Amino acid sequence: MPGPSRPLWQVAGKRDPEQEKEAQAWIEAVIGERFPPGVPYEYALRDGIILCKLMNRLCPGLISKINTSGGDYKMMDNLSQFQKACVKYGVPDVDLFQSTDLWDQKNIAAVTITIFAIGRTAYKHPEWRGPWLGPRPSEENKREFTQQQLRAGEAIIGLQAGTNKGATQAGQSFGASRKIILGK
C-alpha cells in the first residue's frame with residue numbers, strides 16, 4: 001500500500017519477499033558469492049555487477065567487460081549489458097525489466113520476475129548443470145494425426161458448450177409486445 005511518502009507510480013509491482021529470498025539464494029549459489037551483508041536486495045543488484053556475474057556464470061563470456069567502478073553511467077551500462085545478455089541467452093523480452101525499474105527502484109517485482117525467467121531459461125541449456133530456480137518449463141508435446149483420424153474428428157459434435165436440442169424460442173413472451181406504428 002503506498003504510504004504518504006511513496007506515490008502510487010513507485011509501487012508498480014507487488015513485491016514478494018519469499019520470491020526475492022529464493023532469487024537471492026539462487027544467484028548466490030550460481031556466482032559463488034554472498035550478497036553484501038546488511039544491504040537490501042534491490043540495492044545489492046542496483047549497480048548490475050551481480051547480475052552481470054550471474055549471466056557470465058550461466059554462459060561464460062556473454063558479457064565481456066563488467067564495470068566495477070566509475071560513475072552512474074558505468075553502472076547503468078552494466079544493466080544494459082545484462083539485458084542484452086539475457087536476450088542472447090534466450091530469456092523472452094517480455095520478462096525483462098527496464099533499467100529504471102531497478103536503478104530508480106520503481107518496480108523491483110519486475111526485477112525478480114526477470115531473475116526467475118533466467119532460471120527457467122537455464123533449463124533449456126544442457127551445458128548448465130544447476131543449481132536451478134523455479135520449476136522446469138514444460139516441453140512441447142507435438143502430435144501427428146493421419147488424414148483418416150482428422151476426418152473422423154470432424155464428424156463428432158463437441159458437447160463442451162452443452163447441446164442445442166430443443167432450444168427454440170417457442171412459447172417465450174417477455175414484456176409487452178412491440179408496437180410498430182406506420183405512417184408517422
# chains A, B, ... in the order shown; residues from 1 in each chain; ligands from 1

$ residues_around --residues "region 20-37 of chain A" --least-positions-apart "3" --cutoff "7 Å" --atoms "only C-alpha atoms" --output "number ranges by chain"
A: 16-17, 44, 53-54, 57, 112, 115-116, 131, 133

$ write_last_selection --atoms "C-alpha atoms" --output "PDB file, in the first residue's frame"
ATOM      1  CA  ASP A  16       7.067 -10.949  -2.814  1.00  0.00           C
ATOM      2  CA  PRO A  17       9.774 -11.217  -0.111  1.00  0.00           C
ATOM      3  CA  ALA A  44      22.767  -5.157  -3.945  1.00  0.00           C
ATOM      4  CA  LYS A  53      28.363 -12.075 -12.956  1.00  0.00           C
ATOM      5  CA  LEU A  54      25.249 -14.260 -12.958  1.00  0.00           C
ATOM      6  CA  ARG A  57      28.434 -17.928 -14.864  1.00  0.00           C
ATOM      7  CA  THR A 112      12.579 -10.625  -9.574  1.00  0.00           C
ATOM      8  CA  ILE A 115      15.612 -13.440 -12.466  1.00  0.00           C
ATOM      9  CA  PHE A 116      13.025 -16.239 -12.402  1.00  0.00           C
ATOM     10  CA  PRO A 131      21.607 -25.003  -9.385  1.00  0.00           C
ATOM     11  CA  LEU A 133      15.485 -21.705  -9.966  1.00  0.00           C
TER      12      LEU A 133
END

$ select_by_dssp --residues "region 118-161 of chain A" --states "alpha helix (DSSP H)" --output "list in words"
Ile118, Gly119, Arg120, Thr121, Ala122, Gln147, Gln148, Gln149, Leu150, Arg151, Ala152, Gly153 and Glu154 of chain A

$ closest_residue --among "A:Gln105, A:Gly119, A:Arg151, A:Leu62" --to "Pro40 (chain A)" --atoms "only C-alpha atoms"
A:Gln105

$ residues_around --residues "Gln98 (chain A)" --least-positions-apart "3" --cutoff "10 Å" --atoms "only C-alpha atoms" --output "tab-separated table (two decimals) with N, CA, C and O atoms, in the first residue's frame"
chain	number	residue	atom	x	y	z
A	79	LEU	N	23.70	-2.65	-16.45
A	79	LEU	CA	22.31	-3.11	-16.58
A	79	LEU	C	21.95	-3.33	-18.05
A	79	LEU	O	21.28	-4.30	-18.39
A	80	SER	N	22.43	-2.43	-18.91
A	80	SER	CA	22.17	-2.57	-20.34
A	80	SER	C	22.84	-3.83	-20.89
A	80	SER	O	22.22	-4.59	-21.66
A	83	GLN	N	20.88	-6.88	-19.80
A	83	GLN	CA	19.66	-7.11	-20.56
A	83	GLN	C	19.96	-7.69	-21.95
A	83	GLN	O	19.26	-8.58	-22.41
A	95	ASP	N	9.82	-10.74	-20.39
A	95	ASP	CA	10.18	-10.98	-18.99
A	95	ASP	C	11.29	-10.07	-18.49
A	95	ASP	O	11.66	-10.16	-17.32
A	101	ASP	N	13.47	0.39	-13.69
A	101	ASP	CA	12.76	-0.41	-12.67
A	101	ASP	C	13.70	-0.71	-11.50
A	101	ASP	O	13.29	-0.67	-10.35
A	102	LEU	N	14.97	-1.01	-11.82
A	102	LEU	CA	15.94	-1.33	-10.78
A	102	LEU	C	16.69	-0.08	-10.33
A	102	LEU	O	16.83	0.18	-9.14
A	103	TRP	N	17.18	0.71	-11.28
A	103	TRP	CA	18.02	1.86	-10.96
A	103	TRP	C	17.27	2.86	-10.07
A	103	TRP	O	17.80	3.33	-9.08
A	106	LYS	N	11.79	1.56	-9.09
A	106	LYS	CA	10.38	1.76	-9.45
A	106	LYS	C	9.57	0.47	-9.46
A	106	LYS	O	8.38	0.48	-9.18
A	107	ASN	N	10.21	-0.64	-9.85
A	107	ASN	CA	9.46	-1.89	-9.96
A	107	ASN	C	10.39	-3.07	-9.69
A	107	ASN	O	10.82	-3.76	-10.60
A	110	ALA	N	9.45	-6.57	-10.99
A	110	ALA	CA	9.83	-6.90	-12.38
A	110	ALA	C	11.25	-7.46	-12.43
A	110	ALA	O	11.55	-8.33	-13.25
A	111	VAL	N	12.12	-6.97	-11.56
A	111	VAL	CA	13.50	-7.47	-11.50
A	111	VAL	C	13.48	-8.94	-11.07
A	111	VAL	O	14.17	-9.78	-11.66
A	114	THR	N	12.33	-11.16	-13.83
A	114	THR	CA	13.41	-11.40	-14.80
A	114	THR	C	14.35	-12.48	-14.30
A	114	THR	O	14.76	-13.37	-15.07

$ residues_around --residues "Pro92 (chain A)" --least-positions-apart "2" --cutoff "10 Å" --atoms "only C-alpha atoms" --output "number ranges by chain"
A: 86-90, 94-96, 114, 117-118, 121

$ write_last_selection --atoms "all heavy atoms" --output "CSV table (one decimal), in the first residue's frame"
chain,number,residue,atom,x,y,z
A,86,CYS,N,20.7,-11.3,-21.5
A,86,CYS,CA,19.5,-12.1,-21.3
A,86,CYS,C,18.9,-12.5,-22.6
A,86,CYS,O,18.5,-13.6,-22.8
A,86,CYS,CB,18.5,-11.3,-20.4
A,86,CYS,SG,19.0,-11.2,-18.7
A,87,VAL,N,18.8,-11.5,-23.5
A,87,VAL,CA,18.2,-11.8,-24.8
A,87,VAL,C,19.0,-12.8,-25.6
A,87,VAL,O,18.5,-13.8,-26.1
A,87,VAL,CB,18.0,-10.5,-25.6
A,87,VAL,CG1,17.6,-10.8,-27.0
A,87,VAL,CG2,17.1,-9.5,-24.9
A,88,LYS,N,20.4,-12.7,-25.5
A,88,LYS,CA,21.2,-13.7,-26.2
A,88,LYS,C,21.1,-15.1,-25.6
A,88,LYS,O,21.2,-16.1,-26.3
A,88,LYS,CB,22.7,-13.2,-26.1
A,88,LYS,CG,23.1,-12.1,-27.1
A,88,LYS,CD,24.6,-11.8,-26.9
A,88,LYS,CE,24.9,-10.5,-27.6
A,88,LYS,NZ,26.3,-10.1,-27.2
A,89,TYR,N,20.9,-15.1,-24.3
A,89,TYR,CA,20.8,-16.4,-23.6
A,89,TYR,C,19.4,-17.0,-23.9
A,89,TYR,O,19.3,-18.2,-23.7
A,89,TYR,CB,20.9,-16.1,-22.1
A,89,TYR,CG,21.1,-17.3,-21.2
A,89,TYR,CD1,22.2,-18.2,-21.4
A,89,TYR,CD2,20.2,-17.7,-20.3
A,89,TYR,CE1,22.4,-19.3,-20.6
A,89,TYR,CE2,20.4,-18.8,-19.5
A,89,TYR,CZ,21.5,-19.6,-19.7
A,89,TYR,OH,21.7,-20.7,-18.9
A,90,GLY,N,18.4,-16.3,-24.3
A,90,GLY,CA,17.1,-16.8,-24.7
A,90,GLY,C,16.0,-16.5,-23.8
A,90,GLY,O,14.9,-17.0,-23.9
A,94,VAL,N,9.7,-10.1,-23.0
A,94,VAL,CA,8.5,-9.7,-22.2
A,94,VAL,C,8.8,-9.9,-20.7
A,94,VAL,O,8.2,-9.2,-19.9
A,94,VAL,CB,7.2,-10.5,-22.5
A,94,VAL,CG1,6.8,-10.1,-23.9
A,94,VAL,CG2,7.4,-11.9,-22.3
A,95,ASP,N,9.8,-10.7,-20.4
A,95,ASP,CA,10.2,-11.0,-19.0
A,95,ASP,C,11.3,-10.1,-18.5
A,95,ASP,O,11.7,-10.2,-17.3
A,95,ASP,CB,10.6,-12.4,-18.8
A,95,ASP,CG,9.5,-13.4,-18.9
A,95,ASP,OD1,8.3,-13.0,-18.5
A,95,ASP,OD2,9.7,-14.6,-19.4
A,96,LEU,N,11.8,-9.2,-19.3
A,96,LEU,CA,12.9,-8.3,-18.9
A,96,LEU,C,12.4,-7.1,-18.2
A,96,LEU,O,11.4,-6.5,-18.7
A,96,LEU,CB,13.8,-7.9,-20.1
A,96,LEU,CG,14.5,-9.0,-20.9
A,96,LEU,CD1,15.3,-8.5,-22.0
A,96,LEU,CD2,15.5,-9.8,-19.9
A,114,THR,N,12.3,-11.2,-13.8
A,114,THR,CA,13.4,-11.4,-14.8
A,114,THR,C,14.4,-12.5,-14.3
A,114,THR,O,14.8,-13.4,-15.1
A,114,THR,CB,14.2,-10.1,-15.1
A,114,THR,OG1,13.3,-9.1,-15.6
A,114,THR,CG2,15.3,-10.3,-16.0
A,117,ALA,N,12.8,-15.7,-14.8
A,117,ALA,CA,12.8,-16.1,-16.2
A,117,ALA,C,14.2,-16.6,-16.7
A,117,ALA,O,14.2,-17.5,-17.5
A,117,ALA,CB,12.4,-14.8,-17.0
A,118,ILE,N,15.2,-16.0,-16.1
A,118,ILE,CA,16.6,-16.5,-16.4
A,118,ILE,C,16.7,-18.0,-15.9
A,118,ILE,O,17.2,-18.9,-16.5
A,118,ILE,CB,17.7,-15.6,-15.7
A,118,ILE,CG1,17.7,-14.3,-16.4
A,118,ILE,CG2,19.0,-16.3,-15.9
A,118,ILE,CD1,18.4,-13.2,-15.6
A,121,THR,N,14.9,-20.3,-18.2
A,121,THR,CA,15.7,-20.4,-19.5
A,121,THR,C,16.9,-21.3,-19.3
A,121,THR,O,17.3,-22.0,-20.2
A,121,THR,CB,16.1,-19.0,-20.0
A,121,THR,OG1,14.9,-18.2,-20.1
A,121,THR,CG2,16.8,-19.1,-21.3

$ residues_around --residues "Tyr123 (chain A)" --least-positions-apart "5" --cutoff "8 Å" --atoms "only C-alpha atoms" --output "list in words"
Trp128, Trp132, Arg136 and Pro137 of chain A
